[in-house]
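A.B. asks: mmCIF, C-alpha atoms and all ligand atoms, saved as my_file_35.cif, coming up:
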```cif
data_structure
#
loop_
_atom_site.label_atom_id
_atom_site.label_comp_id
_atom_site.auth_asym_id
_atom_site.auth_seq_id
_atom_site.Cartn_x
_atom_site.Cartn_y
_atom_site.Cartn_z
CA MET A 727 92.47 -153.39 132.59
CA SER A 728 89.08 -151.92 131.94
CA ASP A 729 88.22 -151.18 128.37
CA ARG A 730 88.30 -147.58 127.18
CA SER A 731 84.55 -147.13 127.04
CA GLU A 732 84.35 -147.70 130.80
CA GLN A 733 86.97 -145.10 131.58
CA THR A 734 85.96 -141.54 132.26
CA PRO A 735 86.91 -139.48 129.22
CA PRO A 736 89.86 -137.18 129.97
CA ALA A 737 89.08 -133.56 130.64
CA TYR A 738 89.80 -131.58 127.51
CA GLY A 739 89.64 -127.86 127.09
CA VAL A 740 91.44 -124.71 126.06
CA ASP A 741 91.21 -121.27 127.63
CA SER A 742 94.15 -119.47 126.03
CA GLU A 743 96.54 -119.41 123.11
CA VAL A 744 99.63 -120.08 125.20
CA GLY A 745 98.89 -122.34 128.18
CA ARG A 746 101.09 -125.45 128.07
CA LEU A 747 99.82 -127.53 125.17
CA ARG A 748 98.79 -131.05 126.19
CA THR A 749 96.80 -132.55 123.32
CA VAL A 750 96.56 -131.40 119.73
CA LEU A 751 94.66 -132.59 116.68
CA LEU A 752 96.69 -132.81 113.46
CA HIS A 753 96.11 -134.22 110.02
CA ARG A 754 99.05 -135.91 108.33
CA PRO A 755 98.74 -134.97 104.65
CA GLY A 756 97.89 -138.01 102.58
CA PRO A 757 96.25 -139.19 99.34
CA GLU A 758 93.97 -136.15 99.21
CA LEU A 759 97.02 -134.04 98.29
CA GLN A 760 97.75 -136.35 95.32
CA ARG A 761 94.51 -135.03 93.85
CA LEU A 762 95.88 -131.53 93.27
CA THR A 763 96.60 -130.58 89.67
CA PRO A 764 97.45 -127.25 88.04
CA ARG A 765 93.84 -127.18 86.86
CA ASN A 766 92.19 -127.59 90.24
CA ASN A 767 94.65 -126.20 92.76
CA ASP A 768 93.17 -122.70 92.85
CA LYS A 769 89.70 -123.99 93.51
CA LEU A 770 91.11 -126.34 96.14
CA LEU A 771 92.89 -123.39 97.80
CA PHE A 772 96.50 -124.47 97.23
CA ASP A 773 99.02 -122.16 95.64
CA GLY A 774 101.02 -124.94 94.07
CA ILE A 775 101.28 -128.67 93.66
CA PRO A 776 103.02 -130.02 96.74
CA TRP A 777 105.51 -132.88 96.65
CA VAL A 778 103.46 -135.17 98.83
CA GLY A 779 106.26 -137.32 100.26
CA ARG A 780 108.21 -134.27 101.31
CA ALA A 781 105.06 -132.65 102.74
CA GLN A 782 104.61 -135.78 104.88
CA GLU A 783 108.22 -135.57 106.08
CA GLU A 784 107.75 -131.94 107.01
CA HIS A 785 104.56 -132.78 108.80
CA ASP A 786 106.15 -135.68 110.68
CA ALA A 787 108.88 -133.30 111.84
CA PHE A 788 106.20 -130.88 113.03
CA ALA A 789 104.51 -133.69 114.97
CA ALA A 790 107.89 -134.74 116.40
CA ALA A 791 108.57 -131.17 117.57
CA LEU A 792 105.29 -131.37 119.45
CA THR A 793 105.80 -134.81 120.98
CA ASP A 794 109.35 -133.80 121.99
CA ARG A 795 107.69 -131.13 124.11
CA GLY A 796 105.41 -133.67 125.74
CA VAL A 797 102.35 -132.86 123.62
CA GLU A 798 100.00 -135.72 122.78
CA VAL A 799 99.36 -135.70 119.03
CA VAL A 800 96.13 -137.22 117.80
CA TYR A 801 95.46 -137.67 114.12
CA LEU A 802 92.18 -136.81 112.49
CA VAL A 803 92.16 -139.89 110.25
CA ASP A 804 92.76 -142.21 113.22
CA LEU A 805 89.84 -140.65 115.04
CA LEU A 806 87.73 -140.89 111.89
CA VAL A 807 88.51 -144.58 111.36
CA GLU A 808 87.79 -145.31 115.03
CA THR A 809 84.52 -143.39 114.79
CA LEU A 810 83.55 -145.34 111.67
CA ALA A 811 83.81 -148.59 113.61
CA SER A 812 80.20 -147.86 114.56
CA ALA A 813 77.63 -148.93 111.98
CA GLU A 814 75.47 -145.95 112.83
CA ALA A 815 78.38 -143.57 112.21
CA ARG A 816 79.10 -145.23 108.86
CA GLU A 817 75.45 -144.93 107.89
CA HIS A 818 75.46 -141.24 108.79
CA ALA A 819 78.71 -140.53 106.94
CA ILE A 820 77.54 -142.35 103.81
CA ALA A 821 74.23 -140.49 103.78
CA GLU A 822 76.02 -137.16 104.09
CA VAL A 823 78.68 -137.78 101.48
CA THR A 824 76.20 -139.06 98.91
CA ALA A 825 73.68 -136.26 99.47
CA SER A 826 75.42 -134.06 96.88
CA LEU A 827 73.15 -133.03 94.03
CA ARG A 828 76.03 -133.69 91.66
CA LEU A 829 75.40 -137.42 91.78
CA GLY A 830 71.88 -138.04 90.54
CA GLU A 831 69.77 -141.03 91.62
CA THR A 832 71.48 -143.81 89.62
CA LEU A 833 74.92 -143.05 90.87
CA ARG A 834 73.75 -142.27 94.39
CA THR A 835 71.97 -145.60 94.72
CA TYR A 836 75.07 -147.41 93.51
CA LEU A 837 77.46 -145.47 95.76
CA VAL A 838 75.37 -145.86 98.89
CA ALA A 839 75.36 -149.63 98.42
CA ALA A 840 79.05 -149.79 97.49
CA LEU A 841 80.17 -147.66 100.43
CA HIS A 842 78.25 -149.92 102.79
CA ASP A 843 80.67 -152.69 101.89
CA HIS A 844 83.69 -150.53 102.73
CA THR A 845 85.77 -151.09 105.82
CA PRO A 846 86.17 -148.08 108.14
CA GLN A 847 89.63 -147.48 106.58
CA GLU A 848 88.30 -147.61 103.02
CA LEU A 849 85.41 -145.36 103.87
CA ALA A 850 87.75 -142.87 105.58
CA LEU A 851 89.80 -142.78 102.39
CA VAL A 852 86.72 -141.93 100.32
CA LEU A 853 85.69 -139.25 102.81
CA THR A 854 89.11 -137.57 102.73
CA ALA A 855 90.50 -138.23 99.23
CA GLY A 856 87.19 -138.25 97.35
CA ILE A 857 86.21 -140.25 94.27
CA ARG A 858 86.91 -139.34 90.66
CA ASN A 859 84.46 -140.22 87.90
CA ASP A 860 86.91 -142.66 86.29
CA GLU A 861 87.35 -144.51 89.59
CA VAL A 862 83.76 -145.51 90.15
CA ARG A 863 83.13 -149.15 89.29
CA GLY A 864 79.36 -149.09 88.86
CA GLY A 865 76.40 -146.75 88.77
CA HIS A 866 77.22 -145.89 85.17
CA GLY A 867 74.59 -143.88 83.36
CA LEU A 868 73.86 -140.38 82.18
CA VAL A 869 75.77 -138.65 84.96
CA THR A 870 78.96 -140.69 84.68
CA SER A 871 78.83 -140.37 80.87
CA LEU A 872 78.38 -136.62 80.83
CA LEU A 873 80.90 -135.76 83.55
CA ALA A 874 84.55 -135.67 82.53
CA ASP A 875 86.74 -138.56 83.62
CA ASP A 876 88.62 -136.45 86.09
CA ASP A 877 85.58 -134.70 87.57
CA PHE A 878 85.15 -135.52 91.21
CA LEU A 879 81.98 -137.27 92.31
CA VAL A 880 83.15 -136.67 95.86
CA ASP A 881 85.62 -133.82 96.24
CA PRO A 882 88.97 -134.45 97.93
CA LEU A 883 89.74 -132.42 101.06
CA PRO A 884 93.38 -131.28 100.80
CA ASN A 885 92.78 -128.53 103.35
CA LEU A 886 92.11 -131.06 106.10
CA LEU A 887 95.79 -130.37 106.79
CA PHE A 888 94.63 -127.15 108.42
CA THR A 889 92.81 -128.68 111.38
CA ARG A 890 92.65 -125.25 113.01
CA ASP A 891 89.72 -124.19 110.89
CA SER A 892 87.20 -127.04 111.08
CA SER A 893 86.80 -127.05 114.85
CA VAL A 894 87.85 -124.90 117.78
CA TRP A 895 87.80 -125.60 121.50
CA ILE A 896 86.57 -122.84 123.74
CA ARG A 897 87.05 -123.87 127.36
CA ASP A 898 85.43 -127.30 127.72
CA ARG A 899 83.25 -126.98 124.60
CA VAL A 900 84.08 -127.66 121.05
CA ALA A 901 82.71 -125.54 118.25
CA VAL A 902 82.27 -127.39 115.00
CA THR A 903 82.69 -124.49 112.64
CA SER A 904 81.07 -123.53 109.34
CA LEU A 905 83.60 -123.12 106.54
CA ALA A 906 83.05 -120.42 103.93
CA MET A 907 84.85 -121.84 100.91
CA PRO A 908 82.99 -124.55 98.94
CA ALA A 909 86.25 -126.55 98.72
CA ARG A 910 86.27 -126.93 102.49
CA GLU A 911 82.58 -127.26 103.35
CA ARG A 912 82.64 -131.01 103.84
CA GLU A 913 85.52 -130.92 106.35
CA THR A 914 83.12 -130.08 109.13
CA GLN A 915 80.99 -133.12 108.37
CA LEU A 916 84.05 -135.08 109.49
CA THR A 917 84.79 -133.04 112.61
CA ASP A 918 81.11 -133.15 113.52
CA LEU A 919 81.08 -136.93 113.09
CA ILE A 920 84.18 -137.34 115.27
CA TYR A 921 83.12 -135.03 118.07
CA SER A 922 79.59 -136.36 118.21
CA ARG A 923 80.45 -140.06 118.05
CA HIS A 924 84.04 -140.84 119.07
CA PRO A 925 84.18 -142.27 122.63
CA ARG A 926 87.11 -139.96 123.42
CA PHE A 927 84.77 -136.99 123.25
CA ALA A 928 81.68 -138.54 124.81
CA GLY A 929 79.81 -135.92 126.78
CA THR A 930 81.71 -132.96 125.30
CA PRO A 931 79.23 -130.14 124.77
CA ARG A 932 79.26 -128.83 121.20
CA ILE A 933 78.49 -125.31 120.04
CA HIS A 934 77.99 -123.62 116.66
CA GLY A 935 77.80 -126.27 113.89
CA TRP A 936 78.45 -126.62 110.16
CA GLU A 937 74.91 -125.64 109.25
CA ARG A 938 75.29 -122.23 110.91
CA GLU A 939 76.70 -118.85 109.82
CA HIS A 940 80.32 -118.97 108.63
CA LEU A 941 82.92 -119.14 111.36
CA GLU A 942 86.44 -120.55 110.91
CA GLY A 943 88.82 -121.56 113.69
CA GLY A 944 91.70 -119.59 112.16
CA ASP A 945 89.76 -116.46 113.02
CA VAL A 946 89.27 -117.34 116.69
CA LEU A 947 91.98 -116.27 119.14
CA LEU A 948 91.61 -116.99 122.84
CA MET A 949 93.44 -113.82 123.86
CA ALA A 950 93.05 -114.29 127.60
CA PRO A 951 90.66 -116.23 129.84
CA GLY A 952 87.27 -114.67 129.15
CA VAL A 953 88.44 -112.72 126.09
CA ILE A 954 87.98 -114.08 122.59
CA ALA A 955 89.04 -112.20 119.46
CA VAL A 956 87.33 -113.15 116.22
CA GLY A 957 88.56 -111.98 112.82
CA VAL A 958 85.80 -111.01 110.39
CA GLY A 959 86.80 -111.00 106.75
CA GLU A 960 87.05 -113.46 103.89
CA ARG A 961 85.90 -116.39 106.02
CA THR A 962 84.10 -115.56 109.25
CA THR A 963 81.09 -113.37 108.53
CA PRO A 964 79.58 -110.65 110.73
CA ALA A 965 76.67 -113.02 111.37
CA GLY A 966 79.11 -115.79 112.30
CA VAL A 967 80.76 -113.71 114.99
CA GLU A 968 77.39 -112.54 116.23
CA ARG A 969 76.20 -116.13 116.68
CA LEU A 970 79.40 -117.12 118.48
CA ALA A 971 79.35 -114.03 120.69
CA ARG A 972 75.77 -114.64 121.79
CA ARG A 973 76.57 -118.20 122.68
CA VAL A 974 79.86 -117.72 124.54
CA LEU A 975 78.54 -114.73 126.46
CA ALA A 976 75.31 -116.51 127.40
CA ASP A 977 77.17 -119.66 128.47
CA ASP A 978 79.74 -117.64 130.42
CA LEU A 979 82.60 -118.98 128.32
CA ALA A 980 83.79 -115.40 127.85
CA HIS A 981 82.89 -111.94 129.11
CA THR A 982 84.14 -110.08 126.03
CA VAL A 983 84.28 -110.93 122.34
CA LEU A 984 86.46 -108.66 120.20
CA ALA A 985 85.22 -108.55 116.63
CA VAL A 986 88.22 -107.61 114.48
CA PRO A 987 87.59 -106.58 110.86
CA ILE A 988 90.33 -107.87 108.54
CA ALA A 989 90.87 -107.29 104.83
CA GLN A 990 88.87 -109.69 102.68
CA GLU A 991 91.87 -111.00 100.82
CA ARG A 992 93.61 -114.31 100.43
CA ALA A 993 96.77 -113.05 102.17
CA THR A 994 94.77 -112.27 105.29
CA MET A 995 92.15 -114.99 105.07
CA HIS A 996 92.14 -115.54 108.85
CA LEU A 997 93.06 -113.43 111.86
CA ASP A 998 95.86 -115.93 112.62
CA THR A 999 97.56 -115.13 109.32
CA ILE A 1000 98.30 -111.66 110.66
CA CYS A 1001 98.84 -112.23 114.36
CA THR A 1002 99.35 -114.94 116.97
CA MET A 1003 100.02 -114.85 120.70
CA VAL A 1004 103.41 -116.00 121.95
CA ASP A 1005 102.99 -115.17 125.63
CA VAL A 1006 100.12 -114.22 127.92
CA ASP A 1007 100.63 -110.58 126.95
CA LYS A 1008 102.71 -110.71 123.79
CA ILE A 1009 101.57 -110.93 120.22
CA VAL A 1010 103.48 -111.12 116.98
CA MET A 1011 101.75 -109.18 114.23
CA TYR A 1012 102.16 -108.29 110.58
CA PRO A 1013 103.67 -104.82 110.90
CA ASN A 1014 102.01 -103.44 107.76
CA ILE A 1015 98.59 -103.58 109.44
CA ALA A 1016 99.57 -103.36 113.12
CA ASP A 1017 98.60 -99.70 113.42
CA SER A 1018 95.28 -99.99 111.68
CA LEU A 1019 93.70 -103.10 113.22
CA THR A 1020 90.62 -102.26 115.27
CA ALA A 1021 88.16 -104.20 117.38
CA TYR A 1022 84.55 -103.87 118.45
CA ALA A 1023 84.24 -105.09 122.02
CA VAL A 1024 81.04 -107.08 122.39
CA THR A 1025 79.64 -107.82 125.83
CA ALA A 1026 76.38 -109.07 127.26
CA HIS A 1027 73.99 -106.78 129.00
CA PRO A 1028 74.98 -107.15 132.67
CA ASP A 1029 71.44 -107.55 134.05
CA ASP A 1030 69.59 -109.05 131.16
CA PRO A 1031 71.15 -111.89 129.16
CA GLU A 1032 68.21 -111.73 126.74
CA ALA A 1033 68.91 -108.09 125.86
CA PRO A 1034 70.73 -107.20 122.66
CA LEU A 1035 74.53 -107.45 122.80
CA ALA A 1036 76.36 -104.31 123.92
CA ILE A 1037 78.74 -103.18 121.20
CA ALA A 1038 81.45 -100.62 121.96
CA ALA A 1039 82.77 -98.19 119.36
CA PRO A 1040 85.80 -99.58 117.50
CA GLU A 1041 89.18 -99.06 119.17
CA PRO A 1042 92.73 -100.09 118.34
CA PHE A 1043 92.74 -103.89 118.64
CA LEU A 1044 95.48 -104.21 121.25
CA VAL A 1045 94.04 -101.42 123.40
CA ALA A 1046 90.67 -103.18 123.44
CA ALA A 1047 92.36 -106.54 124.12
CA ALA A 1048 94.39 -105.23 127.08
CA ARG A 1049 91.35 -103.56 128.60
CA ALA A 1050 89.23 -106.69 128.26
CA ALA A 1051 92.02 -108.88 129.66
CA GLU A 1052 92.53 -106.40 132.51
CA ILE A 1053 96.25 -106.13 131.90
CA ASP A 1054 98.35 -102.98 131.45
CA ALA A 1055 99.26 -103.70 127.87
CA MET A 1056 99.15 -106.34 125.20
CA HIS A 1057 102.70 -106.04 123.88
CA LEU A 1058 103.27 -106.06 120.18
CA ILE A 1059 106.49 -107.78 119.25
CA ASP A 1060 107.96 -105.19 117.00
CA THR A 1061 109.47 -107.13 114.14
CA GLY A 1062 110.58 -103.78 112.68
CA LEU A 1063 110.65 -105.32 109.23
CA ASP A 1064 110.73 -103.22 106.10
CA PRO A 1065 107.37 -103.44 104.33
CA VAL A 1066 108.57 -105.79 101.58
CA THR A 1067 110.25 -108.33 103.89
CA ALA A 1068 107.22 -108.08 106.15
CA GLU A 1069 104.89 -108.78 103.26
CA ARG A 1070 106.96 -111.77 102.08
CA GLU A 1071 107.18 -113.31 105.54
CA GLN A 1072 103.51 -112.68 106.26
CA TRP A 1073 102.62 -114.52 103.03
CA ASP A 1074 104.78 -117.42 104.22
CA ASP A 1075 102.98 -117.52 107.56
CA GLY A 1076 105.68 -115.84 109.60
CA ASN A 1077 103.04 -114.51 111.97
CA ASN A 1078 101.29 -117.86 112.20
CA THR A 1079 103.11 -119.37 115.16
CA LEU A 1080 101.90 -122.09 117.50
CA ALA A 1081 102.70 -121.57 121.18
CA VAL A 1082 103.39 -124.83 123.02
CA ALA A 1083 103.84 -122.93 126.29
CA PRO A 1084 104.27 -119.28 127.25
CA ARG A 1085 107.26 -117.88 125.31
CA VAL A 1086 107.85 -121.10 123.35
CA ALA A 1087 106.53 -121.13 119.79
CA ILE A 1088 106.79 -123.30 116.70
CA ALA A 1089 107.43 -121.30 113.52
CA TYR A 1090 108.44 -121.90 109.91
CA GLU A 1091 112.24 -121.73 109.57
CA ARG A 1092 112.03 -119.77 106.32
CA ASN A 1093 110.83 -116.58 108.06
CA ILE A 1094 114.30 -115.67 109.16
CA GLU A 1095 113.70 -112.06 110.10
CA THR A 1096 110.47 -112.57 112.02
CA ASN A 1097 112.01 -115.47 113.94
CA ALA A 1098 115.11 -113.43 114.81
CA ARG A 1099 112.92 -110.65 116.21
CA LEU A 1100 110.91 -113.17 118.23
CA GLU A 1101 114.12 -114.49 119.77
CA GLU A 1102 115.33 -110.99 120.56
CA ALA A 1103 112.07 -110.52 122.41
CA GLY A 1104 112.81 -113.56 124.56
CA ILE A 1105 110.67 -116.11 122.73
CA GLU A 1106 112.12 -119.57 122.16
CA VAL A 1107 111.48 -120.43 118.52
CA ILE A 1108 111.22 -124.06 117.47
CA ARG A 1109 111.84 -123.99 113.73
CA ILE A 1110 110.21 -126.40 111.30
CA ALA A 1111 110.41 -126.72 107.53
CA GLY A 1112 107.32 -125.76 105.55
CA SER A 1113 108.29 -125.58 101.89
CA GLU A 1114 105.69 -128.14 100.83
CA VAL A 1115 103.01 -127.99 103.53
CA GLY A 1116 103.17 -124.19 103.29
CA SER A 1117 101.94 -124.28 99.69
CA GLY A 1118 98.43 -124.57 101.11
CA ARG A 1119 99.02 -121.16 102.76
CA GLY A 1120 99.00 -122.19 106.37
CA GLY A 1121 101.59 -122.28 109.13
CA PRO A 1122 102.03 -124.13 112.42
CA ARG A 1123 98.93 -122.58 113.99
CA CYS A 1124 96.74 -123.41 111.03
CA MET A 1125 97.99 -126.99 111.01
CA SER A 1126 96.96 -127.66 114.60
CA CYS A 1127 93.80 -127.69 116.67
CA PRO A 1128 94.58 -127.63 120.40
CA ILE A 1129 92.27 -129.93 122.34
CA ALA A 1130 93.85 -129.50 125.77
CA ARG A 1131 96.04 -126.80 127.20
CA ASP A 1132 96.89 -126.12 130.82
CA PRO A 1133 94.61 -123.37 132.05
CA GLN A 1134 95.94 -119.85 131.95
CA GLY A 1135 93.34 -118.56 134.33
N1 LIG A 1201 93.98 -120.88 110.02
C1 LIG A 1201 94.51 -120.70 108.85
N2 LIG A 1201 95.17 -119.60 108.57
N3 LIG A 1201 94.33 -121.63 107.92
C2 LIG A 1201 94.90 -121.62 106.63
C3 LIG A 1201 94.04 -122.35 105.66
C4 LIG A 1201 94.61 -122.41 104.27
C5 LIG A 1201 93.69 -123.05 103.28
N4 LIG A 1201 94.34 -123.35 102.06
C6 LIG A 1201 92.50 -122.16 102.99
O1 LIG A 1201 92.58 -121.38 102.06
O2 LIG A 1201 91.49 -122.20 103.62
#
```
If you convert what's in this file into structure tokens, what do you get?
Ligand SMILES: NC(=[NH2+])NCCC[C@H](N)C(=O)O
C.D. replies:
Amino acid sequence: MSDRSEQTPPAYGVDSEVGRLRTVLLHRPGPELQRLTPRNNDKLLFDGIPWVGRAQEEHDAFAAALTDRGVEVVYLVDLLVETLASAEAREHAIAEVTASLRLGETLRTYLVAALHDHTPQELALVLTAGIRNDEVRGGHGLVTSLLADDDFLVDPLPNLLFTRDSSVWIRDRVAVTSLAMPARERETQLTDLIYSRHPRFAGTPRIHGWEREHLEGGDVLLMAPGVIAVGVGERTTPAGVERLARRVLADDLAHTVLAVPIAQERATMHLDTICTMVDVDKIVMYPNIADSLTAYAVTAHPDDPEAPLAIAAPEPFLVAAARAAEIDAMHLIDTGLDPVTAEREQWDDGNNTLAVAPRVAIAYERNIETNARLEEAGIEVIRIAGSEVGSGRGGPRCMSCPIARDPQG
């Protein structure tokens, strides 16, 4: 058998939210979650302190639900460790993780040398779970003395669990995103490292990048081939959507980008916290905002790609989406929930479903009413537990980054 590097890399790509899912990137929660305390959980964007063992069980059941449906699950840490087999990749990762101005020269010099002696596994652990001041074995000096014992020299990344946000595939390209919250910034150093250096992704064109305007994968919905909706709110900025729109329109990855303003609040941090697609023309949406969501349709100038983007006046989101997708209607699954139940289930990611194929979606079991309405609308709901993983405020869609789906168009 020929070795992997001689094989042609498989063709990856995603052109919709619902085409049969083939390969997905997950992150099994690990030691980075053990870092959460009642003193740091807010800053690290968790609403509680998860029971890590149970979170892992829930996550394993999520992965099993996917593999049962024939989906290949790849794990971020496995890819990271494999990437770090290369000395050049290790060098790059060490330089990035020690660049923080928090360290100072004494500690940085020590850490750079110490990390060079790490195996790929050990280095991956540092990159994901971080290093606390009381864990460092050398480099002691003014910085280590003045920082508290439990201050992090390298921050842990508990939100790696939400692989949706740190990269997003658009057709055959992958966008390494740019995360808005300081607690998540470093996640994209890891996705960038993997996509630029892992043999699995050799030759994959990359767009956007962590050094660019803020753009998070949870805001990007591939509504239909050629139509991309992007939420603009707490995370993705107006400049972030403008950069993405220019690129996807110029590269012919889409003909229309729908910029969708969303409330700048934690409950609606990403567009996928309020709506997800469950069929080529069906969307489940938080009823309390369903009537008010609007979109600006952004298109390229037909004759002059260099000309400024054409921006239509805002319209109701689903009207704009149906027109761009050239379908009669984008059907809203009417969950008909009373506002309080709707608000509770939205908070618990009831609208954050992951389609594994048209009309088949993974959802948290706890959102009883939303799931019942989905089934009444003809959607098969695969229920998973999320009591612990959900404490990071993310559902099945947030916890997954599709790498390959069968084409919808
Ligand atoms: N695509 C999503 N909705 N992701 C949810 C991310 C949750 C994470 N704790 C954060 O605040 O960033």
A.B. asks: Show me the residues around (80.7, -133.3, 110.8) - criterion: an atom at most 10 Å away, all atoms listed in the file counted - as JSON, numbers by chain.
C.D. replies: {"A": [818, 819, 822, 892, 893, 902, 903, 904, 911, 912, 913, 914, 915, 916, 917, 918, 919, 920, 921, 922, 923, 935, 936, 937]}
A.B. asks: Around ligand LIG 1201 (chain A), which protein and nucleic acid residues have at least one atom no more than 6 Å from it, if we count only C-alpha atoms and all ligand atoms? List them as a list in words.
C.D. replies: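 Those within range of ligand LIG 1201 (chain A) are Leu771, Phe772, Asn885, Phe888, Arg890, Asp891, Gly944, His996, Asp998, Thr999, Gly1118, Arg1119, Gly1120 and Cys1124 of chain A.
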A.B. asks: Of the candidates A:Ile1129, A:Val1115, A:Val1086, A:Ala1050, which one gets nearest to Trp777 in chain A if we count only C-alpha atoms?
C.D. replies: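 Using only C-alpha atoms, Trp777 in chain A sits closest to A:Val1115.
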A.B. asks: Hey, which of A:Thr1079, A:Gln1134, A:Thr1061, A:Thr1067 ends up closest to Ala1103 in chain A? Count only C-alpha atoms.
C.D. replies: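 Distance minimum relative to Ala1103 in chain A lands on A:Thr1061.
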A.B. asks: Got a sec: who's within 12 Å of range 964-976 of chain A, counting all atoms listed in the file, leaving out chain neighbours fewer than 6 positions off, as a ChimeraX atom specification?
C.D. replies: /A:894-906,932-943,945-946,948,952-958,982-988,1022-1037
A.B. asks: Please measure the separation of CA of Ala874 in chain A and CA of Gly774 in chain A, giving the value in Å to one decimal.
C.D. replies: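 Separating CA of Ala874 in chain A from CA of Gly774 in chain A is a distance of 22.8 Å.
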A.B. asks: What does the structure give for the distance between CA of Thr963 in chain A and CA of Ala989 in chain A, in Å to one decimal?
C.D. replies: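 Atom-to-atom, CA of Thr963 in chain A to CA of Ala989 in chain A, that is 12.1 Å.
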A.B. asks: Figure out the distance between CA of Val799 in chain A and CA of Thr749 in chain A, please, to one decimal in Å.
C.D. replies: 5.9 Å
A.B. asks: Would you please work out which residue, of A:Thr763, A:Ile1059, A:Ser871, A:Val797, is nearest to Asp1132 in chain A when using only C-alpha atoms?
C.D. replies: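 Answer, going by the shortest atom-to-atom distance: A:Val797.
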A.B. asks: Using only C-alpha atoms, which of the listed residues (A:Pro925, A:Gly1112, A:Pro1128, A:Gly1076) sits closest to Glu783 in chain A?
C.D. replies: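 Using only C-alpha atoms, the shortest distance to Glu783 in chain A belongs to A:Gly1112.
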A.B. asks: Considering all atoms listed in the file, can you say which of A:Leu802, A:Ala909, A:Ala1016, A:Val1107 comes closest to Ala1081 in chain A?
C.D. replies: A:Val1107
